[in-house]
>>> print(open('target_6.cif').read())   # mmCIF, C-alpha atoms
data_model
#
loop_
_atom_site.label_atom_id
_atom_site.label_comp_id
_atom_site.auth_asym_id
_atom_site.auth_seq_id
_atom_site.Cartn_x
_atom_site.Cartn_y
_atom_site.Cartn_z
CA MET A 241 7.84 -207.73 -81.63
CA LYS A 242 9.99 -207.76 -78.49
CA LYS A 243 10.29 -204.38 -76.79
CA ILE A 244 13.10 -203.33 -74.46
CA VAL A 245 13.94 -200.20 -72.52
CA ILE A 246 17.46 -198.91 -71.86
CA ILE A 247 18.11 -196.17 -69.31
CA GLY A 248 21.27 -194.21 -70.09
CA ALA A 249 22.72 -193.34 -73.52
CA GLY A 250 26.38 -193.51 -72.60
CA ALA A 251 28.84 -196.10 -73.95
CA SER A 252 27.17 -199.25 -72.61
CA GLY A 253 23.60 -198.05 -73.21
CA LEU A 254 24.29 -196.96 -76.80
CA PHE A 255 26.11 -200.18 -77.61
CA ALA A 256 23.34 -202.34 -76.11
CA SER A 257 20.75 -200.39 -78.11
CA ILE A 258 22.67 -201.06 -81.35
CA LEU A 259 23.03 -204.79 -80.69
CA CYS A 260 19.34 -205.14 -79.81
CA GLY A 261 18.28 -202.93 -82.73
CA ARG A 262 20.32 -205.11 -85.08
CA ALA A 263 18.33 -208.12 -83.90
CA GLY A 264 15.05 -206.46 -84.85
CA ILE A 265 13.98 -205.58 -81.32
CA LYS A 266 12.09 -202.36 -80.60
CA VAL A 267 14.34 -200.24 -78.38
CA ASP A 268 13.44 -197.17 -76.33
CA LEU A 269 16.55 -195.41 -75.06
CA TYR A 270 16.12 -192.87 -72.26
CA GLU A 271 18.75 -190.18 -71.59
CA GLN A 272 18.53 -187.37 -69.04
CA ASN A 273 20.86 -185.05 -71.00
CA PHE A 274 19.79 -183.15 -74.12
CA LYS A 275 22.13 -185.32 -76.19
CA PRO A 276 23.64 -188.80 -75.75
CA ALA A 277 27.28 -189.82 -75.18
CA LYS A 278 28.38 -186.80 -73.13
CA LYS A 279 31.07 -188.78 -71.30
CA ILE A 280 32.31 -190.30 -74.55
CA LEU A 281 32.74 -186.78 -75.93
CA VAL A 282 35.06 -185.67 -73.11
CA SER A 283 36.99 -188.93 -72.70
CA GLY A 284 40.70 -189.03 -73.45
CA ASN A 285 40.83 -185.22 -73.56
CA GLY A 286 38.41 -185.31 -76.47
CA ARG A 287 40.31 -188.09 -78.26
CA CYS A 288 38.43 -191.06 -76.72
CA ASN A 289 40.67 -193.91 -75.56
CA ILE A 290 37.99 -196.34 -76.72
CA SER A 291 39.51 -199.68 -75.59
CA ASN A 292 42.76 -201.54 -75.04
CA ARG A 293 44.26 -204.47 -76.93
CA HIS A 294 45.54 -206.02 -73.69
CA LEU A 295 42.63 -206.86 -71.39
CA SER A 296 42.66 -208.95 -68.23
CA SER A 297 40.92 -208.98 -64.86
CA SER A 298 44.10 -207.54 -63.30
CA ASP A 299 43.22 -204.23 -65.01
CA PHE A 300 40.01 -203.92 -62.98
CA PHE A 301 39.08 -203.37 -59.33
CA SER A 302 36.02 -204.85 -57.65
CA GLN A 303 35.07 -206.66 -54.47
CA ASN A 304 34.40 -209.59 -56.82
CA PRO A 305 37.49 -209.43 -59.09
CA SER A 306 36.71 -212.48 -61.27
CA PHE A 307 33.32 -211.02 -62.30
CA VAL A 308 34.79 -209.38 -65.43
CA ASP A 309 36.47 -212.54 -66.76
CA PHE A 310 33.56 -214.00 -68.73
CA ALA A 311 32.64 -210.62 -70.25
CA LEU A 312 36.21 -209.94 -71.42
CA GLU A 313 36.53 -213.47 -72.85
CA SER A 314 33.18 -213.24 -74.63
CA PHE A 315 33.71 -209.80 -76.14
CA GLY A 316 37.37 -208.91 -76.09
CA PHE A 317 39.29 -206.35 -78.11
CA GLU A 318 39.33 -208.31 -81.40
CA LYS A 319 35.53 -208.60 -81.49
CA PHE A 320 35.13 -204.94 -80.62
CA GLU A 321 37.58 -203.88 -83.34
CA LYS A 322 35.68 -206.06 -85.84
CA PHE A 323 32.42 -204.35 -84.88
CA CYS A 324 34.03 -200.90 -85.27
CA ASN A 325 35.37 -201.84 -88.72
CA GLU A 326 31.90 -203.02 -89.78
CA ILE A 327 30.36 -199.62 -88.99
CA GLY A 328 33.25 -197.69 -90.56
CA LEU A 329 34.96 -196.62 -87.33
CA PHE A 330 38.63 -197.45 -87.81
CA LEU A 331 40.92 -197.65 -84.79
CA ASN A 332 44.49 -196.55 -84.18
CA VAL A 333 46.11 -198.97 -81.73
CA LEU A 334 49.23 -197.68 -79.98
CA GLU A 335 52.19 -199.83 -78.97
CA ASP A 336 51.06 -199.97 -75.33
CA GLY A 337 47.66 -201.34 -76.42
CA ARG A 338 45.58 -198.19 -76.06
CA ALA A 339 43.09 -197.78 -78.91
CA TYR A 340 41.72 -194.51 -80.29
CA PRO A 341 39.47 -193.71 -83.24
CA LEU A 342 41.63 -193.11 -86.31
CA SER A 343 40.12 -189.62 -86.56
CA ASN A 344 41.58 -188.92 -83.07
CA GLU A 345 38.22 -187.35 -82.17
CA ALA A 346 35.70 -188.54 -79.60
CA LYS A 347 33.05 -186.82 -81.71
CA SER A 348 33.51 -189.53 -84.36
CA VAL A 349 32.63 -192.28 -81.89
CA ALA A 350 29.61 -190.46 -80.46
CA LYS A 351 28.24 -189.49 -83.90
CA ILE A 352 28.66 -192.90 -85.55
CA PHE A 353 27.14 -194.77 -82.60
CA GLU A 354 24.18 -192.39 -82.34
CA ASP A 355 23.50 -192.27 -86.08
CA TYR A 356 23.81 -196.04 -86.44
CA ALA A 357 21.43 -196.65 -83.53
CA LYS A 358 18.86 -194.25 -84.99
CA GLY A 359 19.23 -195.93 -88.38
CA LEU A 360 18.31 -199.23 -86.72
CA GLY A 361 15.12 -197.68 -85.38
CA VAL A 362 16.23 -197.04 -81.80
CA VAL A 363 13.95 -194.36 -80.34
CA PHE A 364 15.87 -191.75 -78.31
CA HIS A 365 14.05 -190.03 -75.43
CA THR A 366 16.49 -187.24 -74.51
CA GLU A 367 16.07 -184.76 -71.65
CA THR A 368 14.03 -187.47 -69.92
CA HIS A 369 14.96 -188.28 -66.34
CA VAL A 370 13.49 -191.67 -65.46
CA THR A 371 12.14 -191.93 -61.93
CA ASP A 372 9.67 -194.86 -62.15
CA ILE A 373 11.62 -197.92 -63.27
CA LYS A 374 8.91 -200.40 -62.28
CA GLN A 375 6.36 -198.86 -64.67
CA LEU A 376 8.89 -199.07 -67.53
CA MET A 377 9.58 -202.70 -66.66
CA ASN A 378 5.86 -203.50 -66.77
CA ASP A 379 5.63 -201.98 -70.24
CA SER A 380 8.61 -203.86 -71.73
CA ASP A 381 10.04 -207.35 -72.17
CA ALA A 382 13.38 -206.38 -70.62
CA LEU A 383 15.08 -203.35 -69.12
CA ILE A 384 18.77 -202.45 -69.13
CA VAL A 385 20.12 -199.99 -66.56
CA ALA A 386 23.15 -198.22 -68.08
CA THR A 387 23.08 -195.07 -65.98
CA GLY A 388 26.77 -194.94 -65.12
CA SER A 389 28.00 -193.67 -61.76
CA ARG A 390 28.34 -190.46 -59.77
CA ALA A 391 31.58 -189.60 -61.62
CA GLY A 392 31.39 -186.49 -63.78
CA GLU A 393 28.41 -184.99 -61.99
CA HIS A 394 28.45 -181.95 -64.30
CA LEU A 395 27.93 -184.37 -67.21
CA GLY A 396 24.96 -186.02 -65.54
CA GLY A 397 26.73 -188.50 -63.26
CA ASN A 398 24.41 -189.64 -60.47
CA SER A 399 23.40 -192.57 -58.26
CA ASP A 400 20.11 -193.33 -60.07
CA GLY A 401 21.22 -196.82 -61.11
CA GLU A 402 22.04 -197.84 -57.56
CA GLU A 403 18.70 -196.49 -56.36
CA PHE A 404 16.87 -198.45 -59.08
CA ALA A 405 18.73 -201.59 -58.02
CA GLN A 406 17.84 -201.05 -54.37
CA GLU A 407 14.14 -201.01 -55.32
CA PHE A 408 14.60 -204.67 -56.28
CA GLY A 409 16.56 -205.60 -53.15
CA HIS A 410 20.09 -205.14 -54.49
CA THR A 411 22.92 -203.92 -52.27
CA SER A 412 25.62 -201.40 -53.21
CA ILE A 413 29.31 -201.16 -52.48
CA ALA A 414 30.12 -197.63 -51.26
CA PRO A 415 31.09 -195.53 -54.32
CA TYR A 416 34.34 -193.58 -54.52
CA PRO A 417 35.94 -191.34 -57.19
CA SER A 418 38.62 -192.92 -59.41
CA LEU A 419 40.92 -191.54 -62.11
CA VAL A 420 40.78 -188.34 -60.12
CA GLN A 421 43.14 -185.59 -58.93
CA LEU A 422 44.31 -185.43 -55.29
CA HIS A 423 44.20 -182.77 -52.59
CA LEU A 424 47.40 -182.35 -50.56
CA ASN A 425 47.82 -180.94 -47.08
CA SER A 426 50.62 -178.61 -48.18
CA GLN A 427 50.74 -174.85 -48.72
CA ILE A 428 54.07 -175.25 -50.51
CA ALA A 429 52.52 -177.62 -53.08
CA LYS A 430 49.93 -174.92 -53.85
CA LYS A 431 52.72 -172.36 -54.42
CA MET A 432 54.11 -174.68 -57.12
CA SER A 433 50.78 -174.60 -58.98
CA GLY A 434 51.06 -174.78 -62.77
CA VAL A 435 54.35 -176.70 -62.88
CA LYS A 436 54.35 -180.04 -64.67
CA LEU A 437 57.19 -182.56 -64.71
CA ASN A 438 57.89 -186.24 -65.21
CA ALA A 439 58.30 -187.92 -61.86
CA GLU A 440 57.97 -191.18 -59.99
CA VAL A 441 55.16 -191.24 -57.44
CA THR A 442 54.98 -193.78 -54.61
CA LEU A 443 51.80 -194.34 -52.63
CA ILE A 444 52.30 -194.80 -48.88
CA LEU A 445 49.45 -196.35 -46.88
CA ASN A 446 49.69 -196.25 -43.08
CA GLY A 447 53.42 -195.62 -43.39
CA VAL A 448 54.04 -198.59 -45.71
CA LYS A 449 55.05 -198.17 -49.36
CA ASP A 450 52.39 -199.56 -51.69
CA ILE A 451 52.63 -198.91 -55.45
CA SER A 452 54.99 -196.75 -57.52
CA VAL A 453 54.19 -195.28 -60.93
CA SER A 454 56.02 -193.00 -63.33
CA GLY A 455 54.48 -190.26 -65.46
CA ASP A 456 53.65 -186.61 -65.51
CA VAL A 457 52.71 -184.78 -62.31
CA LEU A 458 51.05 -181.37 -62.38
CA PHE A 459 51.00 -179.26 -59.23
CA THR A 460 47.74 -177.34 -58.82
CA ASN A 461 46.14 -174.86 -56.42
CA TYR A 462 44.53 -177.80 -54.56
CA GLY A 463 47.24 -180.44 -54.83
CA VAL A 464 48.31 -182.64 -57.75
CA SER A 465 47.04 -183.90 -61.09
CA GLY A 466 48.62 -185.63 -64.09
CA PHE A 467 48.69 -189.20 -65.41
CA ALA A 468 50.89 -190.56 -62.60
CA ILE A 469 48.38 -189.23 -60.07
CA LEU A 470 45.37 -190.62 -61.94
CA ASP A 471 47.09 -194.00 -62.05
CA ILE A 472 47.31 -194.26 -58.25
CA SER A 473 44.00 -192.52 -57.54
CA GLN A 474 41.87 -195.67 -57.33
CA ALA A 475 44.05 -197.04 -54.52
CA VAL A 476 44.17 -193.62 -52.83
CA SER A 477 40.40 -193.10 -52.98
CA SER A 478 39.69 -196.59 -51.73
CA ALA A 479 42.16 -196.14 -48.83
CA LEU A 480 40.67 -192.76 -47.85
CA LEU A 481 37.23 -194.38 -47.81
CA GLY A 482 38.66 -196.89 -45.33
CA TYR A 483 40.08 -194.08 -43.13
CA GLN A 484 43.69 -195.07 -43.78
CA ALA A 485 46.61 -192.64 -43.50
CA VAL A 486 47.54 -191.77 -47.08
CA ASP A 487 50.75 -190.09 -48.25
CA ILE A 488 52.57 -189.85 -51.55
CA SER A 489 56.30 -189.60 -52.11
CA VAL A 490 57.38 -187.72 -55.23
CA ASN A 491 60.75 -188.42 -56.86
CA LEU A 492 61.41 -185.33 -58.98
CA LEU A 493 64.41 -186.84 -60.79
CA PRO A 494 63.99 -190.62 -61.23
CA ALA A 495 67.09 -190.83 -63.46
CA PHE A 496 69.35 -189.75 -60.55
CA ASN A 497 70.37 -191.50 -57.36
CA MET A 498 71.14 -189.83 -54.05
CA GLN A 499 74.92 -189.92 -54.41
CA LYS A 500 74.97 -188.66 -58.01
CA LEU A 501 72.59 -185.80 -57.22
CA SER A 502 74.29 -184.59 -54.02
CA GLN A 503 77.70 -184.75 -55.73
CA HIS A 504 76.35 -182.68 -58.62
CA ILE A 505 75.09 -179.97 -56.25
CA SER A 506 78.40 -179.89 -54.31
CA LYS A 507 80.52 -179.87 -57.45
CA VAL A 508 78.66 -176.98 -59.11
CA ALA A 509 78.82 -175.01 -55.84
CA GLN A 510 82.62 -175.48 -55.74
CA ASN A 511 83.22 -174.79 -59.43
CA MET A 512 80.84 -171.83 -59.67
CA PRO A 513 81.15 -169.98 -56.33
CA THR A 514 79.07 -167.04 -57.56
CA LEU A 515 75.97 -169.20 -58.10
CA THR A 516 73.34 -169.34 -55.37
CA ILE A 517 71.73 -172.63 -54.36
CA LEU A 518 68.63 -171.49 -56.26
CA ASP A 519 70.71 -170.98 -59.42
CA ILE A 520 72.14 -174.48 -59.06
CA LEU A 521 68.73 -176.12 -58.59
CA VAL A 522 67.14 -174.21 -61.46
CA GLY A 523 69.68 -175.96 -63.70
CA ILE A 524 67.89 -179.26 -63.05
CA ILE A 525 64.32 -178.53 -61.83
CA PRO A 526 61.72 -175.80 -62.54
CA LEU A 527 62.03 -172.49 -60.63
CA LYS A 528 58.79 -172.82 -58.63
CA ILE A 529 59.77 -176.36 -57.57
CA ALA A 530 63.25 -175.19 -56.56
CA ASN A 531 61.84 -172.37 -54.42
CA GLY A 532 59.28 -174.73 -52.86
CA LEU A 533 61.93 -177.30 -52.06
CA LEU A 534 64.18 -174.77 -50.32
CA GLU A 535 61.21 -173.40 -48.37
CA GLU A 536 60.30 -176.92 -47.25
CA LEU A 537 63.88 -177.42 -45.98
CA ASN A 538 64.00 -173.91 -44.49
CA ILE A 539 67.12 -173.09 -46.50
CA SER A 540 67.75 -169.57 -47.82
CA ASN A 541 67.72 -169.49 -51.62
CA THR A 542 70.66 -167.04 -51.67
CA ILE A 543 73.36 -169.17 -49.98
CA LYS A 544 76.38 -170.02 -52.15
CA ASP A 545 79.91 -171.44 -52.31
CA LYS A 546 81.12 -172.99 -49.01
CA GLU A 547 77.72 -172.58 -47.32
CA ILE A 548 76.57 -175.39 -49.62
CA HIS A 549 78.43 -178.12 -47.73
CA THR A 550 78.16 -181.89 -48.31
CA LYS A 551 75.56 -182.46 -45.58
CA LEU A 552 73.31 -179.72 -46.97
CA ALA A 553 73.67 -181.06 -50.54
CA LYS A 554 72.57 -184.48 -49.28
CA ARG A 555 69.52 -182.99 -47.50
CA ILE A 556 68.47 -181.26 -50.70
CA ALA A 557 69.09 -184.33 -52.86
CA ASN A 558 67.15 -186.53 -50.44
CA LEU A 559 64.06 -184.32 -50.64
CA MET A 560 64.26 -184.10 -54.42
CA LEU A 561 64.15 -187.89 -54.62
CA ASN A 562 61.70 -188.49 -51.79
CA TRP A 563 59.38 -185.54 -51.19
CA LYS A 564 56.52 -186.69 -49.03
CA PHE A 565 53.06 -185.10 -49.03
CA GLU A 566 49.98 -185.95 -47.01
CA VAL A 567 46.88 -186.69 -49.13
CA GLU A 568 43.79 -185.31 -47.42
CA ASP A 569 41.14 -185.91 -50.08
CA THR A 570 40.41 -186.51 -53.75
CA HIS A 571 39.12 -183.80 -56.09
CA GLY A 572 35.67 -185.43 -55.85
CA PHE A 573 33.10 -187.12 -58.07
CA ARG A 574 32.61 -184.02 -60.20
CA HIS A 575 36.19 -184.20 -61.49
CA ALA A 576 36.54 -188.01 -61.50
CA GLU A 577 36.57 -189.77 -64.87
CA VAL A 578 35.04 -192.92 -63.38
CA SER A 579 33.83 -194.27 -60.07
CA GLY A 580 34.60 -197.38 -58.04
CA GLY A 581 31.96 -199.17 -56.01
CA GLY A 582 28.38 -199.57 -57.20
CA ILE A 583 25.95 -202.47 -57.43
CA ASP A 584 27.30 -205.62 -55.79
CA THR A 585 28.28 -207.94 -58.67
CA ASN A 586 27.63 -211.04 -56.52
CA GLU A 587 23.95 -210.29 -57.17
CA ILE A 588 24.39 -210.13 -60.97
CA ASP A 589 24.75 -213.09 -63.36
CA GLU A 590 28.26 -212.67 -64.81
CA LYS A 591 27.28 -214.44 -68.07
CA THR A 592 24.20 -212.35 -68.85
CA MET A 593 24.39 -209.21 -66.67
CA MET A 594 20.86 -210.03 -65.49
CA SER A 595 19.83 -209.36 -61.91
CA LYS A 596 19.68 -212.49 -59.76
CA LYS A 597 16.80 -210.84 -57.90
CA GLN A 598 14.57 -209.74 -60.80
CA ARG A 599 14.12 -211.48 -64.16
CA ASN A 600 14.62 -209.38 -67.30
CA LEU A 601 16.38 -206.59 -65.39
CA TYR A 602 19.97 -206.01 -66.51
CA PHE A 603 22.82 -203.79 -65.26
CA VAL A 604 25.77 -202.87 -67.49
CA GLY A 605 28.85 -200.66 -67.39
CA GLU A 606 29.93 -198.37 -64.61
CA VAL A 607 26.77 -198.72 -62.50
CA LEU A 608 28.29 -202.03 -61.34
CA ASP A 609 31.07 -202.44 -58.79
CA VAL A 610 33.74 -202.62 -61.50
CA VAL A 611 36.29 -199.90 -62.23
CA GLY A 612 39.25 -200.13 -64.59
CA ARG A 613 42.68 -198.58 -64.80
CA ARG A 614 43.40 -195.63 -67.06
CA GLY A 615 43.93 -196.71 -70.66
CA GLY A 616 40.59 -197.65 -72.22
CA TYR A 617 39.70 -200.37 -69.73
CA ASN A 618 36.47 -198.80 -68.47
CA PHE A 619 35.18 -198.51 -72.03
CA ALA A 620 36.20 -202.12 -72.66
CA PHE A 621 33.98 -203.29 -69.78
CA ALA A 622 31.14 -201.04 -70.98
CA TRP A 623 31.22 -202.74 -74.41
CA SER A 624 31.59 -206.29 -73.09
CA SER A 625 28.91 -206.04 -70.38
CA ALA A 626 26.47 -204.47 -72.87
CA TYR A 627 27.26 -207.28 -75.31
CA LEU A 628 26.35 -209.97 -72.77
CA ALA A 629 23.08 -208.29 -71.81
CA ALA A 630 22.06 -207.76 -75.45
CA LYS A 631 23.05 -211.32 -76.37
CA ASN A 632 20.84 -212.75 -73.62
CA ILE A 633 17.89 -210.53 -74.57
CA THR A 634 18.13 -211.24 -78.31
CA HIS A 635 18.53 -215.04 -78.09
#
>>> encode(input="target_6.cif", output="structure tokens")
Amino acid sequence: MKKIVIIGAGASGLFASILCGRAGIKVDLYEQNFKPAKKILVSGNGRCNISNRHLSSSDFFSQNPSFVDFALESFGFEKFEKFCNEIGLFLNVLEDGRAYPLSNEAKSVAKIFEDYAKGLGVVFHTETHVTDIKQLMNDSDALIVATGSRAGEHLGGNSDGEEFAQEFGHTSIAPYPSLVQLHLNSQIAKKMSGVKLNAEVTLILNGVKDISVSGDVLFTNYGVSGFAILDISQAVSSALLGYQAVDISVNLLPAFNMQKLSQHISKVAQNMPTLTILDILVGIIPLKIANGLLEELNISNTIKDKEIHTKLAKRIANLMLNWKFEVEDTHGFRHAEVSGGGIDTNEIDEKTMMSKKQRNLYFVGEVLDVVGRRGGYNFAFAWSSAYLAAKNITH
């Protein structure tokens, strides 16, 4: 009987173990944590955005962008959904393509995958930190490295996979945190901590506007979080790694334009002469944001009536629609959901996930230089890369 070893019991490792176990192969699955699927359990705020109906290479970032194409074509969303249905894990697919377990609980995914793997005879070696990969290779017919990345260090994220690859002559692309919060060089931003609002965020690299996204923004004691921030974080992190000047511009009221907003401020000031500028702003933005904005402009929050002239209203409106902050860092690997960089995919066979430098050695999932957008894309690559590796081993 064929025997294989898998290092890492996250999404790609678990899935590969199931596919190999189904084919009657003896599988030993090594996991450093006391239980498998720790990252699955915390994904999607405990709901697990398990995949996405709309998959293309444009949803992924890599120094070798076309690497994901064959995997996504070979094991796309329809095949994954079919597999889930077979094992009794029904999916709820939202209009934008994001897929969740019908139970809306990540625990469902982790439990079903683990129980199914064990039912197939997969042997779990938990609380086992592998250090000697060559000995395991000698004792098996094939070895799959599914160790993930440095993201989520408190959940066991590390660089083991890259170090294993380097033992066989592989090179790595410098890793960086992705889907991660950002640190701002702004004391005022910290004073607005705890306030969340829907905004449009524009990334500015070396003074040039790059991408704009809309979504929620949460000010924190270190900078900013929220979906809009996570959506630009890959580009931010990559730019910081390249020592670029990185800023963001926050539009607090995307539904307004400059003229409409400044006229509103002037009109209320005229019609309600007893209201201070702070009173007027609190009618349209949260109190902490209003105070922060006036502090940034060095305007007293008690001025009223004729002191709020047209020029001042325009200054205020301009900052509300284009508030620029310097990004000085990300919130780091510990807080990142995923990581960019990793093993150079030019050294991996895109059709089998086997190393081009060592026969019967496979790399799947996040250990590779592939990182997806927010929305289930990173899981989608975990499933599809594991599928290719398992298919090659079992045929």
>>> residues_around(input="target_6.cif", residues="Ser478 (chain A)", least_positions_apart="4", cutoff="7 Å", atoms="all atoms listed in the file", output="list in words")
Tyr416, Gln474 and Gly482 of chain A
>>> residues_around(input="target_6.cif", residues="Asn398 (chain A)", least_positions_apart="6", cutoff="10 Å", atoms="all atoms listed in the file", output="list in words")
Thr387, Gly388, Ser389, Arg390, Ala391, Gly392, Phe573, Arg574 and Val607 of chain A
>>> residues_near_point(input="target_6.cif", point="(41.0, -198.1, -72.3)", cutoff="6 Å", atoms="all atoms listed in the file", output="short mmCIF file (atom, residue, chain, number, x, y, z; two decimals) with C-alpha atoms, keeping the file's coordinate frame")
data_model
loop_
_atom_site.label_atom_id
_atom_site.label_comp_id
_atom_site.auth_asym_id
_atom_site.auth_seq_id
_atom_site.Cartn_x
_atom_site.Cartn_y
_atom_site.Cartn_z
CA ASN A 289 40.67 -193.91 -75.56
CA ILE A 290 37.99 -196.34 -76.72
CA SER A 291 39.51 -199.68 -75.59
CA ASN A 292 42.76 -201.54 -75.04
CA ARG A 338 45.58 -198.19 -76.06
CA GLY A 615 43.93 -196.71 -70.66
CA GLY A 616 40.59 -197.65 -72.22
CA TYR A 617 39.70 -200.37 -69.73
CA ASN A 618 36.47 -198.80 -68.47
CA PHE A 619 35.18 -198.51 -72.03
#
>>> atom_distance(input="target_6.cif", atom1="CA of Val267 (chain A)", atom2="CA of His369 (chain A)")
17.0 Å
>>> resolve_selection(input="target_6.cif", expression="the PyMOL selection byres ((chain A and resi 270) around 8)", output="compact mmCIF listing (two decimals) with C-alpha atoms, in the coordinates of the input")
# COMPACT_ATOMS: atom_id res chain seq x y z
CA VAL A 245 13.94 -200.20 -72.52
CA ILE A 246 17.46 -198.91 -71.86
CA ILE A 247 18.11 -196.17 -69.31
CA GLY A 248 21.27 -194.21 -70.09
CA ALA A 249 22.72 -193.34 -73.52
CA ASP A 268 13.44 -197.17 -76.33
CA LEU A 269 16.55 -195.41 -75.06
CA GLU A 271 18.75 -190.18 -71.59
CA GLN A 272 18.53 -187.37 -69.04
CA PHE A 364 15.87 -191.75 -78.31
CA HIS A 365 14.05 -190.03 -75.43
CA THR A 366 16.49 -187.24 -74.51
CA THR A 368 14.03 -187.47 -69.92
CA HIS A 369 14.96 -188.28 -66.34
CA VAL A 370 13.49 -191.67 -65.46
>>> resolve_selection(input="target_6.cif", expression="the PyMOL selection byres ((chain A and resi 357) around 12)", output="VMD selection string")
chain A and resid 249 253 to 269 276 327 350 to 356 358 to 364
>>> write_last_selection(input="target_6.cif", atoms="C-alpha atoms", output="short mmCIF file (atom, residue, chain, number, x, y, z; two decimals), in the coordinates of the input")
data_model
loop_
_atom_site.label_atom_id
_atom_site.label_comp_id
_atom_site.auth_asym_id
_atom_site.auth_seq_id
_atom_site.Cartn_x
_atom_site.Cartn_y
_atom_site.Cartn_z
CA ALA A 249 22.72 -193.34 -73.52
CA GLY A 253 23.60 -198.05 -73.21
CA LEU A 254 24.29 -196.96 -76.80
CA PHE A 255 26.11 -200.18 -77.61
CA ALA A 256 23.34 -202.34 -76.11
CA SER A 257 20.75 -200.39 -78.11
CA ILE A 258 22.67 -201.06 -81.35
CA LEU A 259 23.03 -204.79 -80.69
CA CYS A 260 19.34 -205.14 -79.81
CA GLY A 261 18.28 -202.93 -82.73
CA ARG A 262 20.32 -205.11 -85.08
CA ALA A 263 18.33 -208.12 -83.90
CA GLY A 264 15.05 -206.46 -84.85
CA ILE A 265 13.98 -205.58 -81.32
CA LYS A 266 12.09 -202.36 -80.60
CA VAL A 267 14.34 -200.24 -78.38
CA ASP A 268 13.44 -197.17 -76.33
CA LEU A 269 16.55 -195.41 -75.06
CA PRO A 276 23.64 -188.80 -75.75
CA ILE A 327 30.36 -199.62 -88.99
CA ALA A 350 29.61 -190.46 -80.46
CA LYS A 351 28.24 -189.49 -83.90
CA ILE A 352 28.66 -192.90 -85.55
CA PHE A 353 27.14 -194.77 -82.60
CA GLU A 354 24.18 -192.39 -82.34
CA ASP A 355 23.50 -192.27 -86.08
CA TYR A 356 23.81 -196.04 -86.44
CA LYS A 358 18.86 -194.25 -84.99
CA GLY A 359 19.23 -195.93 -88.38
CA LEU A 360 18.31 -199.23 -86.72
CA GLY A 361 15.12 -197.68 -85.38
CA VAL A 362 16.23 -197.04 -81.80
CA VAL A 363 13.95 -194.36 -80.34
CA PHE A 364 15.87 -191.75 -78.31
#
>>> closest_residue(input="target_6.cif", among="A:Val282, A:Val604, A:Ile373, A:Ala620", to="Leu395 (chain A)", atoms="only C-alpha atoms")
A:Val282
>>> atom_distance(input="target_6.cif", atom1="CA of Pro526 (chain A)", atom2="CA of Gly434 (chain A)")
10.7 Å
>>> axis_aligned_box(input="target_6.cif", around="region 618-629 of chain A", padding_each_side="6 Å", output="lines of an AutoDock Vina configuration file")
center_x = 29.8
center_y = -204.2
center_z = -71.9
size_x = 25.4
size_y = 23.5
size_z = 18.8
